[in-house]
Amino acid sequence: MRFELFLAKRFLVGQRYGVFRLVTTSIAIGGTALGVAALLVTLAVMDGFRTDIQEKILGTQPHIVIVQPFGSSVPDDAAVLQKIKTVPHVQAASPFINAQALLQTDTKVTGIMLRGIVPEQEKGVTQLSTILSNGSWTDLDVHGIVLGQELAASVGAHLGDIITLIAPQQQTISWTQAPRLRQYKVIGLFRSGMYEYDSNLAYVNLTSAQDLLGIKKNVTGYGVRLDNVDTAARTSRAIQQAVGEGLWTRSWEDLNRPLFSAMKLERTTMFIILTLIILVSSFTIISNLLLLTIEKAREIGILQAIGASPRQVGKVFLLNGLLLGGSGVSLGLILGTGISAFLKRFPIIQLPADVYYVDRLPIHLSTHTVESVALCAFLLVLASILYPAWKASQMDPVQAIRYG
């Protein structure tokens with residue numbers, strides 16, 4: 001064992017002022033550990049909410065959509081679908097129709113977002129099978145409709161009820177043209193977990209949507225599912241080249257950029273704020289090492305008198321600080337990881353499901369998050385011990401032995 005590390009350990013455990021030094025050392029280690037643990041748990045919760053929201057969004061949205069630049073309909077062309085499927089990372093593609101309509105029951109009329117799909121193809125693009133809470137997608141024929149649970153509750157619709165959809169004529173420009181009305185049977189209810197979708201969205205068969213809107217064989221666009229959601233931006237550009245300039249490609253990140261940008265900003269802000277806790281605890285480490293420097297002044301003078309260089313003396317106190325701060329960082333990582341695993345395994349913190357659409361605190365702790373917190377905390381600890389180590393190395397051996 002190098003003598004610098006040996007002395008660092010001796011200085012850390014063999015101290016002249018017993019209980020007082022033990023208390024200050026415990027405060028330095030405990031403060032760092034609590035700061036690291038708080039930062040780790042907070043980031044795990046925020047990443048958990050982000051992951052949960054992302055999964056719910058992708059339950060009803062494709063990874064990539066291909067539409068007309070100005071929102072007009074496009075022909076339902078099998079050749080375009082084939083071009084899309086030849087692009088690497090594309091797993092499935094399906095045509096869809098998005099439109100606004102009025103939903104009328106015996107007691108209420110409300111505006112909705114109507115989505116026309118081919119259920120067999122759409123199951124490969126979105127998570128239709130997992131979000132359906134009542135009914136079956138196989139029953140979604142030209143006379144059937146699937147409503148969001150919140151939408152059904154707000155208009156008083158139940159399975160088997162007959163509702164009316166009202167949509168404008170899109171193929172004419174006459175001011176006196178009457179809207180198109182069609183009746184549908186409620187064959188299912190879905191719950192995506194996103195209130196915006198569950199309270200406004202309804203699914204009908206693609207053929208039914210074309211008939212209601214009067215757009216013949218046209219569609220709004222095509223939805224695409226990828227084998228890896230993280231390749232959405234790159235694959236979107238590849239699809240754009242494959243289908244040409246007549247169509248527009250947009251990834252799920254583009255469609256939800258304001259939401260995820262706000263969550264990223266919030267995560268960054270919380271990271272900075274909670275890092276200040278570690279910074280405050282690093283001041284305790286500085287004071288602890290400065291106190292140790294005063295306490296060990298005579299020993300420092302003796303070391304220099306018998307041949308130890310200032311660099312070696314500085315290294316002793318640097319290693320002492322690393323042992324002190326490293327213990328706090330390691331303890332904080334263990335504590336934070338343990339708390340995160342406990343909250344994920346035992347959901348003792350309950351959330352109102354009608355507000356958050358989850359009844360437990362979502363936890364997602366990644367290796368990248370642990371590494372980032374560990375690196376940040378270690379750098380702060382390292383910065384805090386440089387000055388005390390430098391101060392010890394500059395001590396005059398004669399004065400240290402005489403007055404130490």
# chains A, B, ... in the order shown; residues from 1 in each chain; ligands from 1
>>> residues_around(residues="Gln61 (chain A)", least_positions_apart="6", cutoff="12 Å", atoms="only C-alpha atoms", output="list in words")
Ile53, Gln54, Glu55, Ser94, Phe96, Asn98, Arg115, Glu122, Lys123, Gly124, Val125, Thr126, Gln127, Leu128, Ile131, Ser192, Met194, Tyr197, Leu201, Tyr222, Gly223, Val224, Arg225, Arg250, Ser251, Trp252, Glu253, Leu255 and Asn256 of chain A
>>> select_by_dssp(residues="region 29-247 of chain A", states="alpha helix (DSSP H)", output="number ranges by chain")
A: 29-60, 78-85, 119-122, 128-131, 149-155, 195-198, 206-213, 232-243
>>> select_by_dssp(residues="region 32-190 of chain A", states="strand (DSSP E)", output="NGL selection string")
:A and (64-67 or 74-75 or 90-104 or 109-117 or 132-135 or 144-148 or 162-167 or 180-190)
>>> write_last_selection(atoms="C-alpha atoms", output="PDB file, in the first residue's frame")
ATOM      1  CA  ILE A  64     -44.375   7.985 -37.759  1.00  0.00           C
ATOM      2  CA  VAL A  65     -47.233   9.459 -39.801  1.00  0.00           C
ATOM      3  CA  ILE A  66     -47.150  10.294 -43.516  1.00  0.00           C
ATOM      4  CA  VAL A  67     -49.655  12.983 -44.530  1.00  0.00           C
ATOM      5  CA  VAL A  74     -54.499  11.314 -50.333  1.00  0.00           C
ATOM      6  CA  PRO A  75     -55.457   8.238 -52.368  1.00  0.00           C
ATOM      7  CA  VAL A  90     -40.261  -0.312 -40.545  1.00  0.00           C
ATOM      8  CA  GLN A  91     -42.313  -3.132 -39.017  1.00  0.00           C
ATOM      9  CA  ALA A  92     -45.810  -2.265 -40.204  1.00  0.00           C
ATOM     10  CA  ALA A  93     -47.799   0.435 -41.965  1.00  0.00           C
ATOM     11  CA  SER A  94     -51.504   1.156 -42.219  1.00  0.00           C
ATOM     12  CA  PRO A  95     -53.773   3.837 -43.740  1.00  0.00           C
ATOM     13  CA  PHE A  96     -55.912   5.970 -41.439  1.00  0.00           C
ATOM     14  CA  ILE A  97     -58.410   8.823 -41.511  1.00  0.00           C
ATOM     15  CA  ASN A  98     -58.513  11.651 -38.979  1.00  0.00           C
ATOM     16  CA  ALA A  99     -61.454  14.031 -38.983  1.00  0.00           C
ATOM     17  CA  GLN A 100     -63.668  16.080 -36.715  1.00  0.00           C
ATOM     18  CA  ALA A 101     -67.324  15.197 -36.287  1.00  0.00           C
ATOM     19  CA  LEU A 102     -70.304  15.662 -33.990  1.00  0.00           C
ATOM     20  CA  LEU A 103     -71.485  12.759 -31.854  1.00  0.00           C
ATOM     21  CA  GLN A 104     -75.172  12.788 -30.947  1.00  0.00           C
ATOM     22  CA  VAL A 109     -74.255  16.412 -28.668  1.00  0.00           C
ATOM     23  CA  THR A 110     -70.477  16.884 -28.518  1.00  0.00           C
ATOM     24  CA  GLY A 111     -67.566  17.363 -30.879  1.00  0.00           C
ATOM     25  CA  ILE A 112     -65.116  14.475 -31.252  1.00  0.00           C
ATOM     26  CA  MET A 113     -61.999  13.436 -33.130  1.00  0.00           C
ATOM     27  CA  LEU A 114     -62.914  10.576 -35.449  1.00  0.00           C
ATOM     28  CA  ARG A 115     -60.322   8.047 -36.579  1.00  0.00           C
ATOM     29  CA  GLY A 116     -61.003   5.582 -39.369  1.00  0.00           C
ATOM     30  CA  ILE A 117     -58.839   2.454 -39.340  1.00  0.00           C
ATOM     31  CA  LEU A 132     -59.601  -1.983 -25.526  1.00  0.00           C
ATOM     32  CA  SER A 133     -61.399  -2.478 -22.210  1.00  0.00           C
ATOM     33  CA  ASN A 134     -64.768  -3.719 -23.492  1.00  0.00           C
ATOM     34  CA  GLY A 135     -65.825  -5.336 -26.766  1.00  0.00           C
ATOM     35  CA  GLY A 144     -69.766  -0.220 -35.486  1.00  0.00           C
ATOM     36  CA  ILE A 145     -67.930   2.387 -33.424  1.00  0.00           C
ATOM     37  CA  VAL A 146     -65.501   2.233 -30.469  1.00  0.00           C
ATOM     38  CA  LEU A 147     -65.574   5.128 -27.992  1.00  0.00           C
ATOM     39  CA  GLY A 148     -63.152   6.285 -25.330  1.00  0.00           C
ATOM     40  CA  ILE A 162     -77.026   3.482 -31.209  1.00  0.00           C
ATOM     41  CA  ILE A 163     -75.365   6.869 -31.686  1.00  0.00           C
ATOM     42  CA  THR A 164     -75.332   9.325 -34.592  1.00  0.00           C
ATOM     43  CA  LEU A 165     -72.271  10.923 -36.197  1.00  0.00           C
ATOM     44  CA  ILE A 166     -72.628  14.179 -38.095  1.00  0.00           C
ATOM     45  CA  ALA A 167     -69.927  15.345 -40.502  1.00  0.00           C
ATOM     46  CA  ARG A 180     -73.946  13.805 -43.646  1.00  0.00           C
ATOM     47  CA  LEU A 181     -75.485  11.721 -40.855  1.00  0.00           C
ATOM     48  CA  ARG A 182     -74.788   8.061 -40.101  1.00  0.00           C
ATOM     49  CA  GLN A 183     -75.852   5.842 -37.240  1.00  0.00           C
ATOM     50  CA  TYR A 184     -73.469   3.440 -35.525  1.00  0.00           C
ATOM     51  CA  LYS A 185     -73.669   0.803 -32.830  1.00  0.00           C
ATOM     52  CA  VAL A 186     -71.260   1.109 -29.875  1.00  0.00           C
ATOM     53  CA  ILE A 187     -69.355  -2.202 -30.015  1.00  0.00           C
ATOM     54  CA  GLY A 188     -66.466  -1.341 -27.678  1.00  0.00           C
ATOM     55  CA  LEU A 189     -64.862   1.055 -25.211  1.00  0.00           C
ATOM     56  CA  PHE A 190     -61.142   1.803 -24.925  1.00  0.00           C
TER      57      PHE A 190
END
>>> atom_distance(atom1="CA of Ala28 (chain A)", atom2="CA of Val41 (chain A)")
20.2 Å
>>> closest_residue(among="A:Pro62, A:Asp77, A:Val23, A:Gln241", to="Val229 (chain A)", atoms="only C-alpha atoms")
A:Pro62
>>> residues_around(residues="Val87 (chain A)", least_positions_apart="6", cutoff="12 Å", atoms="only C-alpha atoms", output="list in words")
Val80, Leu81, Ala93, Val224, Arg225, Leu226, Asp227, Ala232, Arg234, Thr235, Ser236, Arg237, Ala238, Ile239, Gln240, Gln241, Ala242 and Val243 of chain A
>>> write_last_selection(atoms="C-alpha atoms", output="PDB file, in the first residue's frame")
ATOM      1  CA  VAL A  80     -47.106   3.893 -51.339  1.00  0.00           C
ATOM      2  CA  LEU A  81     -47.547   1.371 -48.519  1.00  0.00           C
ATOM      3  CA  ALA A  93     -47.799   0.435 -41.965  1.00  0.00           C
ATOM      4  CA  VAL A 224     -45.904   3.470 -39.402  1.00  0.00           C
ATOM      5  CA  ARG A 225     -44.530   1.349 -36.565  1.00  0.00           C
ATOM      6  CA  LEU A 226     -40.773   0.808 -36.126  1.00  0.00           C
ATOM      7  CA  ASP A 227     -38.770  -1.982 -34.543  1.00  0.00           C
ATOM      8  CA  ALA A 232     -37.885   7.510 -35.411  1.00  0.00           C
ATOM      9  CA  ARG A 234     -33.644   8.906 -38.800  1.00  0.00           C
ATOM     10  CA  THR A 235     -36.264   6.547 -40.252  1.00  0.00           C
ATOM     11  CA  SER A 236     -38.624   9.477 -40.853  1.00  0.00           C
ATOM     12  CA  ARG A 237     -36.053  11.069 -43.157  1.00  0.00           C
ATOM     13  CA  ALA A 238     -35.556   7.756 -44.979  1.00  0.00           C
ATOM     14  CA  ILE A 239     -39.322   7.379 -45.510  1.00  0.00           C
ATOM     15  CA  GLN A 240     -39.478  10.959 -46.793  1.00  0.00           C
ATOM     16  CA  GLN A 241     -36.926  10.075 -49.477  1.00  0.00           C
ATOM     17  CA  ALA A 242     -38.819   6.873 -50.351  1.00  0.00           C
ATOM     18  CA  VAL A 243     -42.282   8.464 -50.799  1.00  0.00           C
TER      19      VAL A 243
END
>>> residues_around(residues="Ile27 (chain A)", least_positions_apart="4", cutoff="10 Å", atoms="only C-alpha atoms", output="number ranges by chain")
A: 21-23, 31-33, 281, 284-285, 288, 328
>>> write_last_selection(atoms="N, CA, C and O atoms", output="PDB file, in the first residue's frame")
ATOM      1  N   ARG A  21     -14.882  15.322  15.908  1.00  0.00           N
ATOM      2  CA  ARG A  21     -14.471  14.986  14.536  1.00  0.00           C
ATOM      3  C   ARG A  21     -15.353  13.899  13.960  1.00  0.00           C
ATOM      4  O   ARG A  21     -15.641  13.893  12.775  1.00  0.00           O
ATOM      5  N   LEU A  22     -15.805  12.966  14.810  1.00  0.00           N
ATOM      6  CA  LEU A  22     -16.707  11.913  14.343  1.00  0.00           C
ATOM      7  C   LEU A  22     -18.027  12.504  13.857  1.00  0.00           C
ATOM      8  O   LEU A  22     -18.573  12.093  12.820  1.00  0.00           O
ATOM      9  N   VAL A  23     -18.529  13.498  14.601  1.00  0.00           N
ATOM     10  CA  VAL A  23     -19.789  14.135  14.210  1.00  0.00           C
ATOM     11  C   VAL A  23     -19.639  14.888  12.892  1.00  0.00           C
ATOM     12  O   VAL A  23     -20.475  14.769  11.989  1.00  0.00           O
ATOM     13  N   GLY A  31     -24.571  14.116   4.571  1.00  0.00           N
ATOM     14  CA  GLY A  31     -25.112  15.156   3.688  1.00  0.00           C
ATOM     15  C   GLY A  31     -24.927  14.812   2.219  1.00  0.00           C
ATOM     16  O   GLY A  31     -25.842  14.990   1.399  1.00  0.00           O
ATOM     17  N   THR A  32     -23.747  14.318   1.883  1.00  0.00           N
ATOM     18  CA  THR A  32     -23.500  13.914   0.489  1.00  0.00           C
ATOM     19  C   THR A  32     -24.398  12.758   0.093  1.00  0.00           C
ATOM     20  O   THR A  32     -24.973  12.738  -1.006  1.00  0.00           O
ATOM     21  N   ALA A  33     -24.540  11.783   0.980  1.00  0.00           N
ATOM     22  CA  ALA A  33     -25.374  10.613   0.681  1.00  0.00           C
ATOM     23  C   ALA A  33     -26.835  11.011   0.467  1.00  0.00           C
ATOM     24  O   ALA A  33     -27.491  10.543  -0.473  1.00  0.00           O
ATOM     25  N   SER A 281     -23.361  20.052   0.737  1.00  0.00           N
ATOM     26  CA  SER A 281     -22.659  19.041   1.545  1.00  0.00           C
ATOM     27  C   SER A 281     -21.161  19.053   1.263  1.00  0.00           C
ATOM     28  O   SER A 281     -20.359  18.702   2.141  1.00  0.00           O
ATOM     29  N   THR A 284     -19.275  21.126   3.645  1.00  0.00           N
ATOM     30  CA  THR A 284     -18.974  20.427   4.893  1.00  0.00           C
ATOM     31  C   THR A 284     -17.682  19.631   4.759  1.00  0.00           C
ATOM     32  O   THR A 284     -16.889  19.548   5.708  1.00  0.00           O
ATOM     33  N   ILE A 285     -17.477  19.037   3.591  1.00  0.00           N
ATOM     34  CA  ILE A 285     -16.233  18.293   3.356  1.00  0.00           C
ATOM     35  C   ILE A 285     -15.047  19.246   3.383  1.00  0.00           C
ATOM     36  O   ILE A 285     -13.988  18.930   3.948  1.00  0.00           O
ATOM     37  N   ASN A 288     -14.339  20.147   6.926  1.00  0.00           N
ATOM     38  CA  ASN A 288     -13.796  18.980   7.608  1.00  0.00           C
ATOM     39  C   ASN A 288     -12.321  18.800   7.299  1.00  0.00           C
ATOM     40  O   ASN A 288     -11.509  18.530   8.198  1.00  0.00           O
ATOM     41  N   GLY A 328     -19.620   9.024   0.899  1.00  0.00           N
ATOM     42  CA  GLY A 328     -20.943   9.649   0.830  1.00  0.00           C
ATOM     43  C   GLY A 328     -21.639   9.387  -0.490  1.00  0.00           C
ATOM     44  O   GLY A 328     -22.833   9.069  -0.525  1.00  0.00           O
TER      45      GLY A 328
END
>>> closest_residue(among="A:Ile277, A:Leu159, A:Leu322, A:Ala153", to="Ser136 (chain A)", atoms="only C-alpha atoms")
A:Leu159
>>> closest_residue(among="A:Leu343, A:Leu361, A:Leu318, A:Ala305", to="Ala383 (chain A)", atoms="only C-alpha atoms")
A:Leu318
